[in-house]
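Next comes upload.txt, a file with compact mmCIF, C-alpha atoms.
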# COMPACT_ATOMS: atom_id res chain seq x y z
CA MET A 4 -11.80 70.49 17.09
CA PRO A 5 -15.11 71.55 15.50
CA ASP A 6 -15.12 74.49 13.10
CA VAL A 7 -15.06 77.75 15.07
CA PRO A 8 -17.76 80.11 13.82
CA SER A 9 -17.53 83.83 14.27
CA PRO A 10 -19.88 85.09 16.99
CA ASP A 11 -23.35 86.04 15.79
CA ARG A 12 -24.34 89.68 16.03
CA ILE A 13 -27.62 89.92 17.99
CA GLY A 14 -28.58 93.52 18.62
CA ALA A 15 -25.54 95.29 20.08
CA ARG A 16 -23.83 92.09 21.24
CA ALA A 17 -21.52 89.57 19.64
CA ILE A 18 -22.77 86.20 20.92
CA LEU A 19 -21.20 82.75 20.65
CA PHE A 20 -23.97 80.17 20.74
CA VAL A 21 -22.88 76.70 21.87
CA MET A 22 -24.92 73.59 21.07
CA ALA A 23 -24.21 69.90 21.52
CA ALA A 24 -25.71 68.12 18.52
CA ASP A 25 -27.17 68.74 15.07
CA ALA A 26 -30.48 67.15 16.11
CA GLU A 27 -31.15 70.22 18.30
CA TYR A 28 -30.18 72.69 15.54
CA GLY A 29 -33.41 72.88 13.59
CA PRO A 30 -34.58 75.08 10.72
CA GLU A 31 -35.66 78.07 12.81
CA LEU A 32 -32.35 78.34 14.64
CA ARG A 33 -30.47 77.75 11.38
CA ARG A 34 -32.13 80.87 9.97
CA ARG A 35 -30.80 82.94 12.85
CA ILE A 36 -27.49 81.68 14.24
CA THR A 37 -24.35 79.69 13.47
CA PRO A 38 -23.40 77.94 16.73
CA LEU A 39 -20.28 76.17 17.88
CA MET A 40 -21.18 72.47 17.91
CA CYS A 41 -19.30 71.38 21.02
CA GLY A 42 -20.24 67.71 21.16
CA VAL A 43 -22.17 65.73 23.77
CA GLY A 44 -21.17 65.58 27.43
CA PRO A 45 -19.13 67.75 29.79
CA VAL A 46 -15.70 66.62 28.53
CA GLU A 47 -16.41 67.38 24.87
CA ALA A 48 -18.22 70.60 25.76
CA GLY A 49 -15.44 71.88 28.01
CA VAL A 50 -12.57 70.99 25.70
CA ASN A 51 -14.17 72.25 22.50
CA THR A 52 -15.63 75.44 23.95
CA ALA A 53 -12.33 76.40 25.57
CA ALA A 54 -10.42 75.67 22.36
CA ALA A 55 -12.90 77.70 20.31
CA LEU A 56 -12.70 80.67 22.66
CA GLY A 57 -8.91 80.46 22.55
CA ALA A 58 -9.02 80.55 18.75
CA LEU A 59 -11.38 83.53 18.80
CA ALA A 60 -9.16 85.33 21.30
CA ALA A 61 -6.14 84.77 19.05
CA ARG A 62 -7.87 86.59 16.21
CA GLY A 63 -9.28 89.34 18.44
CA ALA A 64 -12.85 88.17 18.03
CA LEU A 65 -14.02 87.07 21.47
CA PRO A 66 -17.78 87.42 21.95
CA ASP A 67 -19.49 89.65 24.48
CA LEU A 68 -21.62 86.75 25.68
CA VAL A 69 -21.75 82.95 25.47
CA VAL A 70 -25.13 81.19 25.25
CA SER A 71 -25.50 77.48 26.00
CA LEU A 72 -28.48 76.48 23.91
CA GLY A 73 -30.37 73.22 23.46
CA SER A 74 -32.49 70.60 25.17
CA ALA A 75 -32.77 69.34 28.74
CA GLY A 76 -34.61 66.68 30.66
CA SER A 77 -37.01 67.29 33.54
CA ALA A 78 -39.53 65.31 35.50
CA VAL A 79 -41.16 68.45 36.96
CA LEU A 80 -41.12 71.12 34.24
CA GLU A 81 -43.46 71.49 31.27
CA GLN A 82 -42.36 69.37 28.33
CA ALA A 83 -41.26 71.40 25.25
CA ALA A 84 -41.29 74.65 27.27
CA ILE A 85 -38.23 76.95 27.33
CA TYR A 86 -36.44 77.91 30.53
CA GLN A 87 -33.46 80.10 31.29
CA VAL A 88 -30.92 78.74 33.74
CA SER A 89 -30.89 80.54 37.08
CA HIS A 90 -28.20 78.34 38.65
CA VAL A 91 -26.08 75.48 37.28
CA GLY A 92 -24.26 72.68 39.08
CA TYR A 93 -22.01 69.75 38.20
CA ARG A 94 -23.53 66.54 39.52
CA ASP A 95 -20.63 64.26 38.56
CA ILE A 96 -18.19 65.65 41.13
CA ASP A 97 -18.31 64.15 44.63
CA ALA A 98 -15.23 64.46 46.82
CA SER A 99 -17.23 64.14 50.06
CA PRO A 100 -14.94 61.38 51.45
CA LEU A 101 -12.27 64.10 51.63
CA GLY A 102 -14.60 66.50 53.42
CA PHE A 103 -15.78 68.54 50.43
CA ALA A 104 -19.49 69.11 49.91
CA PRO A 105 -20.99 67.03 47.08
CA GLY A 106 -21.13 69.03 43.87
CA THR A 107 -18.11 71.17 44.71
CA THR A 108 -14.75 70.75 43.02
CA PRO A 109 -11.85 70.58 45.49
CA PHE A 110 -9.72 73.74 45.65
CA LEU A 111 -12.01 75.60 43.22
CA ASP A 112 -13.74 78.59 44.78
CA LEU A 113 -17.21 77.87 43.41
CA PRO A 114 -20.40 76.84 45.20
CA ALA A 115 -22.27 73.66 44.28
CA ARG A 116 -24.79 75.87 42.46
CA VAL A 117 -23.41 78.75 40.43
CA ALA A 118 -25.77 81.64 39.67
CA LEU A 119 -26.04 82.92 36.10
CA PRO A 120 -27.03 86.56 36.62
CA HIS A 121 -27.67 87.63 33.01
CA ARG A 122 -31.34 86.84 32.37
CA LEU A 123 -34.15 87.75 30.02
CA PRO A 124 -37.11 89.49 31.68
CA GLY A 125 -40.28 87.43 31.78
CA LEU A 126 -38.75 84.09 30.71
CA PRO A 127 -39.27 81.30 33.29
CA GLN A 128 -36.20 80.36 35.30
CA ALA A 129 -35.08 76.92 36.46
CA THR A 130 -32.05 75.35 38.11
CA LEU A 131 -29.90 73.00 36.02
CA SER A 132 -27.68 70.03 36.82
CA THR A 133 -24.98 69.09 34.30
CA GLY A 134 -23.56 65.57 34.14
CA ALA A 135 -22.34 62.85 31.84
CA GLU A 136 -25.30 60.47 31.91
CA ILE A 137 -28.86 60.46 30.57
CA VAL A 138 -31.24 60.79 33.52
CA SER A 139 -34.53 58.89 33.32
CA GLY A 140 -37.40 57.80 35.54
CA ALA A 141 -36.39 57.17 39.14
CA GLY A 142 -33.00 58.74 38.43
CA TYR A 143 -34.53 62.19 38.86
CA ALA A 144 -35.05 61.51 42.58
CA ARG A 145 -31.33 62.07 43.21
CA ILE A 146 -31.12 65.29 41.15
CA ASP A 147 -31.13 68.49 43.18
CA ALA A 148 -32.25 70.69 40.30
CA ASP A 149 -35.29 71.36 38.12
CA MET A 150 -33.71 70.06 34.91
CA VAL A 151 -30.66 68.19 33.63
CA ASP A 152 -28.29 68.51 30.69
CA MET A 153 -24.81 67.34 29.72
CA GLU A 154 -22.95 70.53 28.73
CA THR A 155 -23.85 73.85 30.37
CA PHE A 156 -21.60 73.71 33.45
CA ALA A 157 -18.62 72.81 31.26
CA VAL A 158 -19.41 75.63 28.82
CA MET A 159 -19.68 78.03 31.77
CA ARG A 160 -16.24 77.01 33.06
CA ALA A 161 -14.71 77.56 29.63
CA ALA A 162 -16.36 80.98 29.40
CA ASP A 163 -15.07 81.82 32.89
CA ARG A 164 -11.51 81.28 31.66
CA PHE A 165 -12.02 84.21 29.29
CA ALA A 166 -14.05 86.32 31.76
CA LEU A 167 -17.16 85.98 29.60
CA PRO A 168 -20.72 85.89 30.93
CA LEU A 169 -22.95 82.95 30.08
CA ILE A 170 -26.68 82.44 29.62
CA GLY A 171 -28.26 78.98 29.55
CA LEU A 172 -31.44 78.46 27.51
CA ARG A 173 -33.01 74.99 27.50
CA GLY A 174 -36.11 73.40 26.06
CA ILE A 175 -37.49 70.38 27.92
CA SER A 176 -37.23 67.45 25.53
CA ASP A 177 -37.95 64.53 27.87
CA GLY A 178 -38.48 63.45 31.46
CA ALA A 179 -42.23 63.10 31.88
CA GLN A 180 -41.82 59.42 30.98
CA ASP A 181 -38.87 57.04 31.07
CA VAL A 182 -36.41 57.45 28.21
CA ALA A 183 -36.95 54.49 25.89
CA GLY A 184 -34.70 55.10 22.92
CA PHE A 185 -33.51 57.91 20.69
CA GLU A 186 -37.06 59.01 19.81
CA SER A 187 -37.77 59.80 23.47
CA TRP A 188 -35.29 62.65 23.11
CA THR A 189 -36.12 63.85 19.60
CA ALA A 190 -39.94 63.89 19.81
CA TYR A 191 -40.16 67.55 20.89
CA LEU A 192 -37.01 68.92 19.24
CA GLU A 193 -38.84 70.53 16.31
CA VAL A 194 -41.11 72.43 18.71
CA ILE A 195 -38.15 73.35 20.92
CA ASP A 196 -36.23 74.64 17.89
CA ALA A 197 -39.02 77.09 17.05
CA ARG A 198 -39.42 78.20 20.65
CA LEU A 199 -35.69 78.67 21.23
CA ALA A 200 -35.57 80.75 18.04
CA GLU A 201 -38.23 83.04 19.49
CA VAL A 202 -36.09 83.48 22.62
CA VAL A 203 -33.00 84.21 20.52
CA ASP A 204 -34.99 87.00 18.87
CA ARG A 205 -35.50 88.47 22.34
CA LEU A 206 -31.82 88.59 23.32
CA PRO A 207 -31.54 92.33 22.53
CA GLU A 208 -33.80 92.83 25.60
CA LEU A 209 -30.93 91.81 27.90
CA GLY A 210 -29.70 94.50 30.24
CA ASP A 211 -26.05 95.30 30.78
Since I need it in another form, could you write the structure as structure tokens?
Amino acid sequence: MPDVPSPDRIGARAILFVMAADAEYGPELRRRITPLMCGVGPVEAGVNTAAALGALAARGALPDLVVSLGSAGSAVLEQAAIYQVSHVGYRDIDASPLGFAPGTTPFLDLPARVALPHRLPGLPQATLSTGAEIVSGAGYARIDADMVDMETFAVMRAADRFALPLIGLRGISDGAQDVAGFESWTAYLEVIDARLAEVVDRLPELGD
């Protein structure tokens, strides 16, 4: 399991920031927060976030809020811009042959799109689809959401286990063109780091 940091104190709240990879954790964010690095993909994110929250609960240090922070892909949103997640879904689950709607987990009382009600005023909102693969080019045609990532839905489910609210904040790193190697993802990460840091500075504006 990754090292479990203590939640960061942002204004009046203790916040556990969750990020997938060091490449997204640039100098501006490093000056402000110490996130849980959960790993890439929904399995790593779910397992490591749940384990970290369990460890924090054991020492009486659960956060007030969990924030899923990092990059996302989108073929329709402005590249390098920051969006807060209005709704998140899990695109990998499809039990429709058994009569369940695509995107819903059998016997789990959740819709295909789960609303995240805690939001920053004035920050653009977008829907998010979480899944285990990199989406590129024509692959966006099958995505019923504005942007895609690989962790947020799993982080939300881990937070749910501890009755903790979650906010998703994502910078658009790719999607305007086909992904053609590692640099397609990293090209905007320095800009996204600075812009996410500005949003982190605004978190005290959150209502109750």
Distance query 12 Å from (-17.9, 78.1, 33.6) using all atoms listed in the file, result as a VMD selection string: chain A and resid 45 48 to 50 52 to 53 69 to 71 90 to 93 111 to 114 116 to 119 133 154 to 171
Calculate how many Å separate atom CA of Met40 of chain A from atom CA of Ala23 of chain A, rounding to one decimal.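 Between atom CA of Met40 of chain A and atom CA of Ala23 of chain A the gap works out to 5.4 Å.
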Which value, in Å to one decimal, gives the distance between atom CA of Pro120 of chain A and atom CA of Pro8 of chain A? 25.4 Å
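With distances taken over all atoms listed in the file, A:Leu131 is the one residue among A:Leu131, A:Ala55, A:Leu68, A:Ala15 lying closest to Gln87 of chain A.
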Counting only C-alpha atoms, which residue out of A:Ala190, A:Arg94, A:Asp11, A:Val182 sits closest to Arg34 of chain A?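 For Arg34 of chain A, the nearest of the candidates is A:Asp11.
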Considering all atoms listed in the file, state which residue in the set A:Gly76, A:Gly184, A:Pro66, A:Gly102 is at the smallest distance from Ile146 of chain A. A:Gly76
Please report the interatomic distance between atom CA of Tyr86 of chain A and atom CA of Ala54 of chain A in Å with one decimal.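 Pair atom CA of Tyr86 of chain A / atom CA of Ala54 of chain A returns 27.4 Å.
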Non-local contacts of Tyr191 of chain A (7 Å; all atoms listed in the file; under 2 positions in same chain excluded) as an mmCIF file with C-alpha atoms, in the coordinates of the input:
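Result saved to result07.cif:
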data_model
loop_
_atom_site.group_PDB
_atom_site.id
_atom_site.type_symbol
_atom_site.label_atom_id
_atom_site.label_comp_id
_atom_site.auth_asym_id
_atom_site.auth_seq_id
_atom_site.Cartn_x
_atom_site.Cartn_y
_atom_site.Cartn_z
ATOM 1 C CA ALA A 83 -41.260 71.400 25.250
ATOM 2 C CA SER A 176 -37.230 67.450 25.530
ATOM 3 C CA THR A 189 -36.120 63.850 19.600
ATOM 4 C CA GLU A 193 -38.840 70.530 16.310
ATOM 5 C CA VAL A 194 -41.110 72.430 18.710
ATOM 6 C CA ILE A 195 -38.150 73.350 20.920
#
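The shortest atom-to-atom distance to Ser77 of chain A, with only C-alpha atoms taken into account, belongs to A:Met150 out of A:Ala17, A:Met150, A:Leu206, A:Ala200.
When all atoms listed in the file are used to compute distances to Val88 of chain A, the closest of the residues A:Ala197, A:Leu39, A:Leu32, A:Ala129 turns out to be A:Ala129.
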As a PDB file with C-alpha atoms, keeping the file's coordinate frame, please: the residues near Ile137 of chain A (cut-off 10 Å, all atoms listed in the file, same-chain neighbours under 5 positions excluded).
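Output below, filename result.pdb:
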ATOM      1  CA  GLY A  44     -21.170  65.580  27.430  1.00  0.00           C
ATOM      2  CA  ALA A  75     -32.770  69.340  28.740  1.00  0.00           C
ATOM      3  CA  GLY A  76     -34.610  66.680  30.660  1.00  0.00           C
ATOM      4  CA  GLY A 142     -33.000  58.740  38.430  1.00  0.00           C
ATOM      5  CA  VAL A 151     -30.660  68.190  33.630  1.00  0.00           C
ATOM      6  CA  ASP A 152     -28.290  68.510  30.690  1.00  0.00           C
ATOM      7  CA  MET A 153     -24.810  67.340  29.720  1.00  0.00           C
ATOM      8  CA  VAL A 182     -36.410  57.450  28.210  1.00  0.00           C
TER       9      VAL A 182
END
Find, counting all atoms listed in the file, the residue in A:Val203, A:Ile85, A:Val7, A:Leu123 that gets nearest to Arg173 of chain A.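 Of the candidates, the smallest distance to Arg173 of chain A is held by A:Ile85.
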Excluding Leu209 of chain A and any residue of its chain fewer than 6 positions from it, enumerate the residues within 8 Å of it, using all atoms listed in the file, and give them as a VMD selection string. chain A and resid 121 to 124
